file coords24.cif (mmCIF, C-alpha atoms and all ligand atoms)
data_input
loop_
_atom_site.group_PDB
_atom_site.id
_atom_site.type_symbol
_atom_site.label_atom_id
_atom_site.label_comp_id
_atom_site.auth_asym_id
_atom_site.auth_seq_id
_atom_site.Cartn_x
_atom_site.Cartn_y
_atom_site.Cartn_z
ATOM 1 C CA MET A 16 44.579 -27.043 -15.305
ATOM 2 C CA MET A 17 44.377 -25.145 -18.588
ATOM 3 C CA ALA A 18 42.419 -26.440 -21.583
ATOM 4 C CA GLN A 19 45.400 -26.701 -23.917
ATOM 5 C CA GLU A 20 47.398 -28.582 -21.358
ATOM 6 C CA VAL A 21 44.573 -30.977 -20.530
ATOM 7 C CA LYS A 22 44.372 -31.789 -24.212
ATOM 8 C CA ALA A 23 48.119 -32.330 -24.469
ATOM 9 C CA SER A 24 48.237 -34.513 -21.397
ATOM 10 C CA HIS A 25 45.435 -36.737 -22.712
ATOM 11 C CA THR A 26 46.960 -37.156 -26.122
ATOM 12 C CA GLN A 27 50.640 -37.603 -25.477
ATOM 13 C CA GLN A 28 51.678 -37.360 -21.860
ATOM 14 C CA LEU A 29 55.370 -38.209 -21.724
ATOM 15 C CA LYS A 30 56.800 -39.939 -18.685
ATOM 16 C CA TYR A 31 59.881 -37.745 -18.746
ATOM 17 C CA ALA A 32 61.386 -35.051 -20.901
ATOM 18 C CA ILE A 33 64.633 -33.154 -20.719
ATOM 19 C CA ALA A 34 66.152 -30.247 -22.622
ATOM 20 C CA ILE A 35 69.563 -28.618 -22.360
ATOM 21 C CA HIS A 36 71.090 -25.454 -23.744
ATOM 22 C CA GLY A 37 74.716 -24.469 -24.062
ATOM 23 C CA GLY A 38 74.097 -20.803 -24.736
ATOM 24 C CA ALA A 39 72.659 -18.592 -27.452
ATOM 25 C CA GLY A 40 74.715 -16.270 -29.620
ATOM 26 C CA SER A 41 77.308 -18.739 -30.762
ATOM 27 C CA SER A 42 77.518 -20.509 -34.083
ATOM 28 C CA PRO A 43 79.708 -23.455 -35.084
ATOM 29 C CA ARG A 44 81.415 -21.030 -37.473
ATOM 30 C CA ASP A 45 83.005 -19.361 -34.430
ATOM 31 C CA TYR A 46 84.889 -22.507 -33.441
ATOM 32 C CA SER A 47 87.413 -24.985 -34.756
ATOM 33 C CA LYS A 48 86.324 -28.491 -35.735
ATOM 34 C CA GLU A 49 87.831 -29.902 -32.516
ATOM 35 C CA VAL A 50 86.035 -27.403 -30.311
ATOM 36 C CA ASN A 51 82.728 -28.024 -32.070
ATOM 37 C CA LEU A 52 83.169 -31.727 -31.515
ATOM 38 C CA ALA A 53 84.049 -31.184 -27.848
ATOM 39 C CA ARG A 54 80.959 -29.023 -27.337
ATOM 40 C CA ARG A 55 78.752 -31.535 -29.101
ATOM 41 C CA ASN A 56 80.171 -34.412 -27.049
ATOM 42 C CA ALA A 57 79.655 -32.461 -23.846
ATOM 43 C CA LEU A 58 75.985 -31.838 -24.697
ATOM 44 C CA ASP A 59 75.578 -35.503 -25.575
ATOM 45 C CA SER A 60 77.160 -36.674 -22.336
ATOM 46 C CA ALA A 61 75.217 -34.142 -20.232
ATOM 47 C CA LEU A 62 71.974 -35.299 -21.850
ATOM 48 C CA ARG A 63 72.819 -38.923 -21.105
ATOM 49 C CA THR A 64 73.512 -37.966 -17.478
ATOM 50 C CA GLY A 65 70.078 -36.370 -17.196
ATOM 51 C CA VAL A 66 68.279 -39.218 -18.952
ATOM 52 C CA ARG A 67 69.957 -41.815 -16.709
ATOM 53 C CA ILE A 68 68.642 -40.022 -13.625
ATOM 54 C CA VAL A 69 65.048 -39.475 -14.742
ATOM 55 C CA ALA A 70 64.649 -42.790 -16.558
ATOM 56 C CA ASN A 71 65.492 -44.488 -13.249
ATOM 57 C CA GLY A 72 62.873 -42.519 -11.357
ATOM 58 C CA GLY A 73 65.208 -39.788 -10.096
ATOM 59 C CA SER A 74 63.916 -36.299 -9.465
ATOM 60 C CA ALA A 75 63.838 -33.424 -11.935
ATOM 61 C CA LEU A 76 65.772 -31.396 -9.385
ATOM 62 C CA ASP A 77 68.605 -33.952 -9.217
ATOM 63 C CA ALA A 78 68.664 -34.220 -12.994
ATOM 64 C CA VAL A 79 68.921 -30.486 -13.715
ATOM 65 C CA GLU A 80 71.660 -30.088 -11.113
ATOM 66 C CA ALA A 81 73.692 -33.033 -12.442
ATOM 67 C CA VAL A 82 73.405 -31.869 -16.062
ATOM 68 C CA VAL A 83 74.444 -28.309 -15.256
ATOM 69 C CA ARG A 84 77.351 -29.526 -13.085
ATOM 70 C CA ARG A 85 78.592 -31.620 -15.982
ATOM 71 C CA LEU A 86 78.609 -28.562 -18.252
ATOM 72 C CA GLU A 87 80.108 -26.296 -15.571
ATOM 73 C CA ASP A 88 83.093 -28.666 -15.432
ATOM 74 C CA ASP A 89 83.593 -28.405 -19.184
ATOM 75 C CA PRO A 90 85.895 -25.558 -20.330
ATOM 76 C CA HIS A 91 83.942 -25.131 -23.579
ATOM 77 C CA PHE A 92 80.985 -23.424 -21.915
ATOM 78 C CA ASN A 93 80.586 -20.067 -20.210
ATOM 79 C CA ALA A 94 79.739 -21.539 -16.802
ATOM 80 C CA GLY A 95 82.019 -22.782 -14.043
ATOM 81 C CA ARG A 96 85.333 -23.600 -15.711
ATOM 82 C CA GLY A 97 85.411 -21.584 -18.934
ATOM 83 C CA ALA A 98 83.454 -18.619 -17.502
ATOM 84 C CA VAL A 99 83.906 -15.292 -19.301
ATOM 85 C CA VAL A 100 86.211 -12.542 -18.032
ATOM 86 C CA ASN A 101 84.771 -9.394 -16.425
ATOM 87 C CA ALA A 102 85.986 -5.804 -16.857
ATOM 88 C CA VAL A 103 88.643 -6.143 -14.159
ATOM 89 C CA GLY A 104 90.050 -9.393 -15.493
ATOM 90 C CA GLY A 105 88.260 -11.708 -13.059
ATOM 91 C CA HIS A 106 85.434 -14.231 -13.100
ATOM 92 C CA GLU A 107 82.105 -13.801 -11.280
ATOM 93 C CA LEU A 108 79.574 -16.582 -11.647
ATOM 94 C CA ASP A 109 75.778 -16.690 -11.368
ATOM 95 C CA ALA A 110 73.503 -19.735 -11.026
ATOM 96 C CA CYS A 111 69.925 -20.606 -10.118
ATOM 97 C CA ILE A 112 67.862 -23.747 -9.535
ATOM 98 C CA MET A 113 64.085 -24.033 -9.093
ATOM 99 C CA ASP A 114 61.747 -26.813 -8.060
ATOM 100 C CA GLY A 115 58.403 -26.576 -9.842
ATOM 101 C CA ARG A 116 56.707 -28.794 -7.255
ATOM 102 C CA THR A 117 57.300 -26.547 -4.245
ATOM 103 C CA LYS A 118 58.408 -23.276 -5.902
ATOM 104 C CA GLY A 119 61.516 -23.715 -3.794
ATOM 105 C CA CYS A 120 64.458 -21.957 -5.398
ATOM 106 C CA GLY A 121 68.020 -20.999 -4.679
ATOM 107 C CA ALA A 122 70.483 -18.759 -6.473
ATOM 108 C CA VAL A 123 73.986 -17.351 -6.168
ATOM 109 C CA ALA A 124 75.373 -14.265 -7.879
ATOM 110 C CA GLY A 125 78.888 -12.997 -8.377
ATOM 111 C CA VAL A 126 80.606 -15.954 -6.721
ATOM 112 C CA ARG A 127 84.346 -16.117 -7.284
ATOM 113 C CA THR A 128 85.628 -19.235 -5.566
ATOM 114 C CA VAL A 129 82.981 -21.881 -6.153
ATOM 115 C CA LYS A 130 83.752 -24.690 -8.585
ATOM 116 C CA ASN A 131 80.085 -25.563 -9.153
ATOM 117 C CA PRO A 132 77.807 -22.566 -8.561
ATOM 118 C CA ILE A 133 74.699 -24.654 -9.332
ATOM 119 C CA GLY A 134 75.471 -26.919 -6.352
ATOM 120 C CA LEU A 135 75.746 -23.862 -4.128
ATOM 121 C CA ALA A 136 72.466 -22.494 -5.493
ATOM 122 C CA ARG A 137 70.826 -25.764 -4.472
ATOM 123 C CA LEU A 138 72.297 -25.435 -0.990
ATOM 124 C CA VAL A 139 70.887 -21.897 -0.705
ATOM 125 C CA MET A 140 67.506 -23.457 -1.490
ATOM 126 C CA MET A 141 67.873 -26.400 0.909
ATOM 127 C CA ARG A 142 69.859 -24.965 3.826
ATOM 128 C CA THR A 143 68.842 -21.324 4.185
ATOM 129 C CA ASN A 144 65.652 -19.304 4.466
ATOM 130 C CA HIS A 145 66.805 -17.194 1.564
ATOM 131 C CA VAL A 146 66.569 -17.372 -2.196
ATOM 132 C CA LEU A 147 69.607 -15.423 -3.423
ATOM 133 C CA LEU A 148 73.072 -14.949 -1.937
ATOM 134 C CA ALA A 149 75.580 -12.662 -3.656
ATOM 135 C CA GLY A 150 79.278 -11.817 -3.643
ATOM 136 C CA ILE A 151 81.422 -12.297 -0.561
ATOM 137 C CA GLY A 152 78.481 -13.592 1.463
ATOM 138 C CA ALA A 153 77.816 -16.311 -1.085
ATOM 139 C CA ASP A 154 81.495 -17.322 -1.191
ATOM 140 C CA LYS A 155 81.502 -17.386 2.635
ATOM 141 C CA PHE A 156 78.397 -19.606 2.602
ATOM 142 C CA ALA A 157 80.200 -21.944 0.193
ATOM 143 C CA GLU A 158 83.066 -22.219 2.671
ATOM 144 C CA GLU A 159 80.649 -23.012 5.499
ATOM 145 C CA MET A 160 78.924 -25.673 3.407
ATOM 146 C CA GLY A 161 82.241 -27.322 2.603
ATOM 147 C CA VAL A 162 81.685 -27.264 -1.171
ATOM 148 C CA GLU A 163 84.684 -27.499 -3.470
ATOM 149 C CA LEU A 164 86.472 -24.149 -3.685
ATOM 150 C CA VAL A 165 88.928 -23.101 -6.380
ATOM 151 C CA ASP A 166 91.002 -20.026 -7.085
ATOM 152 C CA GLN A 167 90.246 -17.684 -9.947
ATOM 153 C CA GLU A 168 92.846 -19.317 -12.220
ATOM 154 C CA TYR A 169 90.665 -22.420 -12.334
ATOM 155 C CA PHE A 170 88.124 -20.532 -14.460
ATOM 156 C CA TYR A 171 90.725 -19.198 -16.911
ATOM 157 C CA THR A 172 90.634 -20.330 -20.546
ATOM 158 C CA LYS A 173 92.617 -18.759 -23.364
ATOM 159 C CA LYS A 174 89.497 -18.470 -25.496
ATOM 160 C CA GLN A 175 87.642 -16.360 -22.946
ATOM 161 C CA HIS A 176 90.739 -14.287 -22.260
ATOM 162 C CA ASP A 177 91.090 -13.501 -25.980
ATOM 163 C CA ALA A 178 87.378 -12.679 -26.202
ATOM 164 C CA TRP A 179 87.838 -10.249 -23.313
ATOM 165 C CA GLN A 180 90.758 -8.512 -25.050
ATOM 166 C CA LYS A 181 88.612 -8.094 -28.154
ATOM 167 C CA ALA A 182 85.644 -6.797 -26.184
ATOM 168 C CA LYS A 183 87.840 -4.265 -24.361
ATOM 169 C CA LYS A 184 88.964 -2.809 -27.677
ATOM 170 C CA ARG A 185 85.388 -2.059 -28.638
ATOM 171 C CA SER A 186 83.893 1.171 -27.394
ATOM 172 C CA GLU A 187 82.892 1.166 -23.711
ATOM 173 C CA SER A 188 79.664 2.909 -24.657
ATOM 174 C CA GLN A 189 78.485 -0.004 -26.782
ATOM 175 C CA PRO A 190 75.628 -1.886 -25.172
ATOM 176 C CA ALA A 191 76.356 -5.349 -23.825
ATOM 177 C CA SER A 192 76.141 -7.941 -26.553
ATOM 178 C CA LEU A 193 76.377 -11.677 -26.862
ATOM 179 C CA LYS A 194 79.242 -11.312 -29.339
ATOM 180 C CA ASP A 195 81.955 -12.585 -27.025
ATOM 181 C CA SER A 196 79.872 -14.352 -24.395
ATOM 182 C CA LYS A 197 78.921 -17.742 -25.624
ATOM 183 C CA GLY A 198 78.014 -20.795 -23.681
ATOM 184 C CA THR A 199 75.760 -20.140 -20.697
ATOM 185 C CA VAL A 200 74.246 -23.507 -19.751
ATOM 186 C CA GLY A 201 70.790 -24.571 -18.623
ATOM 187 C CA CYS A 202 68.537 -27.563 -18.214
ATOM 188 C CA VAL A 203 64.805 -28.168 -17.799
ATOM 189 C CA VAL A 204 63.257 -31.490 -16.838
ATOM 190 C CA LEU A 205 59.892 -33.182 -16.389
ATOM 191 C CA ASP A 206 60.411 -36.282 -14.236
ATOM 192 C CA THR A 207 58.395 -39.496 -13.972
ATOM 193 C CA HIS A 208 56.653 -38.165 -10.832
ATOM 194 C CA GLY A 209 55.216 -35.264 -12.838
ATOM 195 C CA ASN A 210 57.561 -32.693 -11.331
ATOM 196 C CA LEU A 211 59.326 -29.931 -13.226
ATOM 197 C CA ALA A 212 62.653 -28.262 -12.470
ATOM 198 C CA ALA A 213 64.951 -25.719 -14.098
ATOM 199 C CA ALA A 214 68.604 -24.791 -13.600
ATOM 200 C CA THR A 215 70.876 -22.232 -15.267
ATOM 201 C CA SER A 216 74.540 -21.317 -14.753
ATOM 202 C CA THR A 217 76.743 -18.648 -16.344
ATOM 203 C CA GLY A 218 79.843 -16.519 -16.173
ATOM 204 C CA GLY A 219 77.672 -13.685 -17.540
ATOM 205 C CA LEU A 220 78.684 -11.315 -20.331
ATOM 206 C CA THR A 221 82.306 -10.732 -21.342
ATOM 207 C CA ASN A 222 83.773 -7.498 -19.982
ATOM 208 C CA LYS A 223 80.747 -6.950 -17.725
ATOM 209 C CA ARG A 224 81.265 -4.431 -14.924
ATOM 210 C CA PHE A 225 82.607 -5.815 -11.681
ATOM 211 C CA GLY A 226 79.523 -6.571 -9.582
ATOM 212 C CA ARG A 227 77.119 -6.859 -12.542
ATOM 213 C CA ILE A 228 74.465 -9.515 -12.000
ATOM 214 C CA GLY A 229 72.564 -10.933 -14.972
ATOM 215 C CA ASP A 230 69.219 -12.629 -15.425
ATOM 216 C CA VAL A 231 70.352 -16.142 -14.574
ATOM 217 C CA PRO A 232 70.113 -15.887 -10.757
ATOM 218 C CA ILE A 233 67.004 -13.684 -10.866
ATOM 219 C CA VAL A 234 64.096 -16.067 -10.361
ATOM 220 C CA GLY A 235 61.522 -15.492 -13.082
ATOM 221 C CA ALA A 236 63.957 -13.687 -15.395
ATOM 222 C CA GLY A 237 66.433 -16.363 -16.520
ATOM 223 C CA THR A 238 65.124 -19.375 -14.645
ATOM 224 C CA TYR A 239 61.648 -20.507 -13.571
ATOM 225 C CA ALA A 240 59.667 -23.677 -12.849
ATOM 226 C CA ASP A 241 56.043 -24.243 -11.885
ATOM 227 C CA ASN A 242 54.443 -27.694 -11.934
ATOM 228 C CA ARG A 243 51.196 -26.135 -13.160
ATOM 229 C CA SER A 244 52.755 -24.826 -16.369
ATOM 230 C CA CYS A 245 56.392 -25.338 -17.384
ATOM 231 C CA ALA A 246 60.082 -25.089 -16.555
ATOM 232 C CA VAL A 247 62.208 -22.507 -18.386
ATOM 233 C CA SER A 248 65.933 -21.722 -18.666
ATOM 234 C CA CYS A 249 67.056 -18.685 -20.661
ATOM 235 C CA THR A 250 70.226 -17.471 -22.326
ATOM 236 C CA GLY A 251 70.913 -14.088 -23.847
ATOM 237 C CA ILE A 252 71.479 -10.485 -22.878
ATOM 238 C CA GLY A 253 70.576 -10.664 -19.214
ATOM 239 C CA GLU A 254 69.404 -7.089 -18.825
ATOM 240 C CA ILE A 255 66.668 -7.669 -21.431
ATOM 241 C CA PHE A 256 65.567 -10.924 -19.814
ATOM 242 C CA ILE A 257 65.351 -9.190 -16.418
ATOM 243 C CA ARG A 258 63.335 -6.239 -17.783
ATOM 244 C CA HIS A 259 60.789 -8.525 -19.394
ATOM 245 C CA VAL A 260 60.870 -11.244 -16.712
ATOM 246 C CA ILE A 261 61.011 -13.652 -19.614
ATOM 247 C CA ALA A 262 60.963 -17.074 -17.922
ATOM 248 C CA TYR A 263 58.027 -16.149 -15.699
ATOM 249 C CA ASP A 264 56.199 -14.529 -18.603
ATOM 250 C CA VAL A 265 56.264 -17.829 -20.512
ATOM 251 C CA SER A 266 54.705 -19.619 -17.531
ATOM 252 C CA ALA A 267 52.218 -16.837 -16.753
ATOM 253 C CA ARG A 268 50.781 -16.773 -20.287
ATOM 254 C CA MET A 269 50.054 -20.485 -19.982
ATOM 255 C CA LEU A 270 48.337 -20.061 -16.642
ATOM 256 C CA TYR A 271 46.452 -16.825 -17.283
ATOM 257 C CA LYS A 272 45.494 -17.287 -20.926
ATOM 258 C CA GLY A 273 45.468 -21.019 -21.318
ATOM 259 C CA ALA A 274 48.116 -20.700 -24.023
ATOM 260 C CA SER A 275 50.124 -23.778 -24.951
ATOM 261 C CA LEU A 276 53.854 -23.678 -24.247
ATOM 262 C CA GLY A 277 54.593 -23.003 -27.923
ATOM 263 C CA GLU A 278 52.027 -20.189 -28.203
ATOM 264 C CA SER A 279 53.274 -18.622 -25.005
ATOM 265 C CA ILE A 280 56.879 -18.584 -26.255
ATOM 266 C CA ASP A 281 55.762 -17.173 -29.643
ATOM 267 C CA GLU A 282 54.097 -14.287 -27.821
ATOM 268 C CA VAL A 283 57.055 -13.642 -25.536
ATOM 269 C CA PHE A 284 59.492 -13.514 -28.451
ATOM 270 C CA ALA A 285 57.175 -11.281 -30.467
ATOM 271 C CA SER A 286 56.444 -8.853 -27.663
ATOM 272 C CA SER A 287 59.704 -8.665 -25.728
ATOM 273 C CA LEU A 288 62.772 -9.849 -27.645
ATOM 274 C CA LYS A 289 64.532 -8.234 -30.589
ATOM 275 C CA PRO A 290 66.711 -10.212 -33.003
ATOM 276 C CA ASN A 291 69.981 -11.465 -31.558
ATOM 277 C CA GLU A 292 68.967 -11.011 -27.940
ATOM 278 C CA GLY A 293 68.846 -14.672 -26.937
ATOM 279 C CA GLY A 294 66.908 -17.870 -26.547
ATOM 280 C CA LEU A 295 65.380 -20.302 -24.109
ATOM 281 C CA ILE A 296 64.515 -23.923 -23.511
ATOM 282 C CA ALA A 297 61.302 -25.018 -21.841
ATOM 283 C CA VAL A 298 59.343 -28.146 -21.016
ATOM 284 C CA SER A 299 55.634 -28.231 -20.206
ATOM 285 C CA ARG A 300 53.894 -30.364 -17.596
ATOM 286 C CA SER A 301 52.892 -32.774 -20.354
ATOM 287 C CA GLY A 302 56.504 -33.140 -21.517
ATOM 288 C CA LYS A 303 56.375 -30.897 -24.580
ATOM 289 C CA ILE A 304 59.833 -29.482 -25.252
ATOM 290 C CA GLU A 305 60.497 -26.114 -26.906
ATOM 291 C CA MET A 306 63.976 -24.767 -27.758
ATOM 292 C CA ARG A 307 63.852 -21.281 -29.301
ATOM 293 C CA PHE A 308 66.337 -18.558 -30.131
ATOM 294 C CA ASN A 309 66.605 -15.454 -32.280
ATOM 295 C CA THR A 310 70.404 -15.586 -32.511
ATOM 296 C CA ALA A 311 72.505 -17.318 -35.171
ATOM 297 C CA ASP A 312 72.344 -20.590 -33.279
ATOM 298 C CA MET A 313 71.950 -22.049 -29.801
ATOM 299 C CA ALA A 314 73.727 -25.195 -28.636
ATOM 300 C CA ARG A 315 70.957 -27.489 -27.425
ATOM 301 C CA ALA A 316 69.838 -31.045 -26.872
ATOM 302 C CA ALA A 317 66.637 -32.866 -25.956
ATOM 303 C CA ALA A 318 65.476 -36.323 -24.958
ATOM 304 C CA ASP A 319 62.244 -37.871 -23.716
ATOM 305 C CA SER A 320 60.594 -41.137 -22.729
ATOM 306 C CA SER A 321 59.385 -41.761 -26.298
ATOM 307 C CA GLY A 322 63.007 -42.503 -27.250
ATOM 308 C CA ARG A 323 63.858 -39.081 -28.611
ATOM 309 C CA PHE A 324 67.547 -38.222 -28.234
ATOM 310 C CA ASP A 325 68.652 -35.164 -30.216
ATOM 311 C CA VAL A 326 71.831 -33.138 -29.978
ATOM 312 C CA PHE A 327 71.772 -29.951 -32.030
ATOM 313 C CA TRP A 328 75.050 -28.260 -32.537
ATOM 314 C CA GLY A 329 75.326 -26.821 -35.989
ATOM 315 C CA GLU A 330 74.679 -29.918 -38.038
ATOM 316 C CA SER A 331 71.440 -31.847 -38.238
ATOM 317 C CA SER A 332 70.417 -33.680 -35.081
ATOM 318 C CA ASP A 333 71.766 -37.034 -33.965
ATOM 319 C CA GLU A 334 68.556 -38.929 -33.640
ATOM 320 C CA ASP A 335 68.145 -42.056 -31.554
ATOM 321 C CA LYS A 336 71.829 -42.558 -30.973
HETATM 322 N N1 LIG B 401 72.157 -14.393 -19.766
HETATM 323 C C1 LIG B 401 73.546 -14.338 -19.396
HETATM 324 C C2 LIG B 401 73.809 -13.048 -18.687
HETATM 325 O O1 LIG B 401 73.385 -12.015 -19.173
HETATM 326 C C3 LIG B 401 74.492 -14.483 -20.544
HETATM 327 C C4 LIG B 401 74.184 -15.589 -21.537
HETATM 328 O O2 LIG B 401 73.152 -16.221 -21.485
HETATM 329 O O3 LIG B 401 75.039 -15.839 -22.421
HETATM 330 O O4 LIG B 401 74.489 -13.054 -17.692
#
call {"tool": "encode", "arguments": {"input": "coords24.cif", "output": "structure tokens", "more": "lines below"}}
Ligand code: ASP
result
Amino acid sequence: MMAQEVKASHTQQLKYAIAIHGGAGSSPRDYSKEVNLARRNALDSALRTGVRIVANGGSALDAVEAVVRRLEDDPHFNAGRGAVVNAVGGHELDACIMDGRTKGCGAVAGVRTVKNPIGLARLVMMRTNHVLLAGIGADKFAEEMGVELVDQEYFYTKKQHDAWQKAKKRSESQPASLKDSKGTVGCVVLDTHGNLAAATSTGGLTNKRFGRIGDVPIVGAGTYADNRSCAVSCTGIGEIFIRHVIAYDVSARMLYKGASLGESIDEVFASSLKPNEGGLIAVSRSGKIEMRFNTADMARAAADSSGRFDVFWGESSDEDK
């Protein structure tokens, strides 16, 4: 146990803590009043779902899955229903879940028929000897597991279709940006048993090449959890998060240097991320929550056993609702 963390756990160990993100890169200015309200309500309801589970002694793993499922079912986020459109006009989804207690993890990449990729990621973790299944093999596994399958039209939303049209008009040679790809979702939880978990789900970047896989399903890049340090879920330009193994780097700095969660994230942003590349949420083993981004905004929410309940979407937070 690291010095900083020992100190934190003696001073204010929280029984549970939960944080959610609904993607970096977006700002309320990009949406209508109704859509902003819908996104805010979805974050609020997802947070309540997570709190209900952990406050009743449920596991961090169950909580992160349930929260991400809730947001995957919502068309206002780039995950599950509402996923962005790729370069060939389709939807390919990535998701990952990790258990900080066992380091068990499961991920799926490029799935095209699965209603809730996060549920399938959990099944990869529980029912196979593997960590990551991709493409046709992952869709086939979904069929075998009897999870809910949908056709590609299920993922269609006008907003993402319009964003794709806009992105296509821009030069092909432009590097991938978050401009049109808003709303990846993620959740990190510390439960009352002292266990950490992280989950992330996305449709990826708008107009991405067919077959492109982002950071989300790459363990350590977009998603990571270790009971000795923290749980992390990222959002941003996936290629950058993969190169710098961002989620793992946050955890590693805590373990190797004895940095606090906040210090570790400061260092990671300073050393590896340029403005407008993304953000992350994280919770430490003592229940300290951090939600950071270097984009215009990041939809996010947090709650803990002290009674904190904050939803941040554009306006000031809704405290203790
Ligand atoms: N990180 C995701 C990806 O690159 C996109 C996002 O977070 O918005 O696939």
call {"tool": "closest_residue", "arguments": {"input": "coords24.cif", "among": "A:Ala153, A:Ala214, A:Ile280, A:Ala178", "to": "Ala75 of chain A", "atoms": "all atoms listed in the file"}}
result
A:Ala214
call {"tool": "resolve_selection", "arguments": {"input": "coords24.cif", "expression": "the PyMOL selection byres (((not hetatm)) within 9 of (chain B and resi 401))", "output": "PyMOL selection string"}}
result
chain A and resi 37-40+93+108-109+191-193+195-200+215-221+223+227-232+237+249-257+293-294
call {"tool": "write_last_selection", "arguments": {"input": "coords24.cif", "atoms": "C-alpha atoms", "output": "mmCIF file, in the coordinates of the input"}}
result
data_model
loop_
_atom_site.group_PDB
_atom_site.id
_atom_site.type_symbol
_atom_site.label_atom_id
_atom_site.label_comp_id
_atom_site.auth_asym_id
_atom_site.auth_seq_id
_atom_site.Cartn_x
_atom_site.Cartn_y
_atom_site.Cartn_z
ATOM 1 C CA GLY A 37 74.716 -24.469 -24.062
ATOM 2 C CA GLY A 38 74.097 -20.803 -24.736
ATOM 3 C CA ALA A 39 72.659 -18.592 -27.452
ATOM 4 C CA GLY A 40 74.715 -16.270 -29.620
ATOM 5 C CA ASN A 93 80.586 -20.067 -20.210
ATOM 6 C CA LEU A 108 79.574 -16.582 -11.647
ATOM 7 C CA ASP A 109 75.778 -16.690 -11.368
ATOM 8 C CA ALA A 191 76.356 -5.349 -23.825
ATOM 9 C CA SER A 192 76.141 -7.941 -26.553
ATOM 10 C CA LEU A 193 76.377 -11.677 -26.862
ATOM 11 C CA ASP A 195 81.955 -12.585 -27.025
ATOM 12 C CA SER A 196 79.872 -14.352 -24.395
ATOM 13 C CA LYS A 197 78.921 -17.742 -25.624
ATOM 14 C CA GLY A 198 78.014 -20.795 -23.681
ATOM 15 C CA THR A 199 75.760 -20.140 -20.697
ATOM 16 C CA VAL A 200 74.246 -23.507 -19.751
ATOM 17 C CA THR A 215 70.876 -22.232 -15.267
ATOM 18 C CA SER A 216 74.540 -21.317 -14.753
ATOM 19 C CA THR A 217 76.743 -18.648 -16.344
ATOM 20 C CA GLY A 218 79.843 -16.519 -16.173
ATOM 21 C CA GLY A 219 77.672 -13.685 -17.540
ATOM 22 C CA LEU A 220 78.684 -11.315 -20.331
ATOM 23 C CA THR A 221 82.306 -10.732 -21.342
ATOM 24 C CA LYS A 223 80.747 -6.950 -17.725
ATOM 25 C CA ARG A 227 77.119 -6.859 -12.542
ATOM 26 C CA ILE A 228 74.465 -9.515 -12.000
ATOM 27 C CA GLY A 229 72.564 -10.933 -14.972
ATOM 28 C CA ASP A 230 69.219 -12.629 -15.425
ATOM 29 C CA VAL A 231 70.352 -16.142 -14.574
ATOM 30 C CA PRO A 232 70.113 -15.887 -10.757
ATOM 31 C CA GLY A 237 66.433 -16.363 -16.520
ATOM 32 C CA CYS A 249 67.056 -18.685 -20.661
ATOM 33 C CA THR A 250 70.226 -17.471 -22.326
ATOM 34 C CA GLY A 251 70.913 -14.088 -23.847
ATOM 35 C CA ILE A 252 71.479 -10.485 -22.878
ATOM 36 C CA GLY A 253 70.576 -10.664 -19.214
ATOM 37 C CA GLU A 254 69.404 -7.089 -18.825
ATOM 38 C CA ILE A 255 66.668 -7.669 -21.431
ATOM 39 C CA PHE A 256 65.567 -10.924 -19.814
ATOM 40 C CA ILE A 257 65.351 -9.190 -16.418
ATOM 41 C CA GLY A 293 68.846 -14.672 -26.937
ATOM 42 C CA GLY A 294 66.908 -17.870 -26.547
#
call {"tool": "atom_distance", "arguments": {"input": "coords24.cif", "atom1": "atom CA of Leu270 of chain A", "atom2": "atom CA of Asn309 of chain A"}}
result
24.5 Å
call {"tool": "closest_residue", "arguments": {"input": "coords24.cif", "among": "A:Tyr239, A:Tyr169, A:Tyr46, A:Tyr263", "to": "Glu87 of chain A", "atoms": "only C-alpha atoms"}}
result
A:Tyr169
call {"tool": "resolve_selection", "arguments": {"input": "coords24.cif", "expression": "the PyMOL selection byres (((chain A and resi 328) around 12) and not hetatm)", "output": "PyMOL selection string"}}
result
chain A and resi 35-39+41-44+46+48+50-59+198+311-317+325-327+329-333
call {"tool": "atom_distance", "arguments": {"input": "coords24.cif", "atom1": "atom CA of Ile233 of chain A", "atom2": "atom CA of Glu107 of chain A"}}
result
15.1 Å
call {"tool": "closest_residue", "arguments": {"input": "coords24.cif", "among": "A:Ile304, A:Val103, A:Val234, A:Ile261", "to": "Glu292 of chain A", "atoms": "all atoms listed in the file"}}
result
A:Ile261
call {"tool": "residues_near_point", "arguments": {"input": "coords24.cif", "point": "(96.8, -14.5, -12.2)", "cutoff": "12 Å", "atoms": "all atoms listed in the file", "output": "PDB file with C-alpha atoms, in the coordinates of the input"}}
result
ATOM      1  CA  VAL A 103      88.643  -6.143 -14.159  1.00  0.00           C
ATOM      2  CA  GLY A 104      90.050  -9.393 -15.493  1.00  0.00           C
ATOM      3  CA  GLY A 105      88.260 -11.708 -13.059  1.00  0.00           C
ATOM      4  CA  HIS A 106      85.434 -14.231 -13.100  1.00  0.00           C
ATOM      5  CA  ASP A 166      91.002 -20.026  -7.085  1.00  0.00           C
ATOM      6  CA  GLN A 167      90.246 -17.684  -9.947  1.00  0.00           C
ATOM      7  CA  GLU A 168      92.846 -19.317 -12.220  1.00  0.00           C
ATOM      8  CA  TYR A 169      90.665 -22.420 -12.334  1.00  0.00           C
ATOM      9  CA  PHE A 170      88.124 -20.532 -14.460  1.00  0.00           C
ATOM     10  CA  TYR A 171      90.725 -19.198 -16.911  1.00  0.00           C
ATOM     11  CA  THR A 172      90.634 -20.330 -20.546  1.00  0.00           C
ATOM     12  CA  HIS A 176      90.739 -14.287 -22.260  1.00  0.00           C
TER      13      HIS A 176
END
call {"tool": "resolve_selection", "arguments": {"input": "coords24.cif", "expression": "the PyMOL selection byres (((chain A and resi 146) around 9) and not hetatm)", "output": "ChimeraX atom specification"}}
result
/A:119-123,136,139-140,143-145,147-148,234
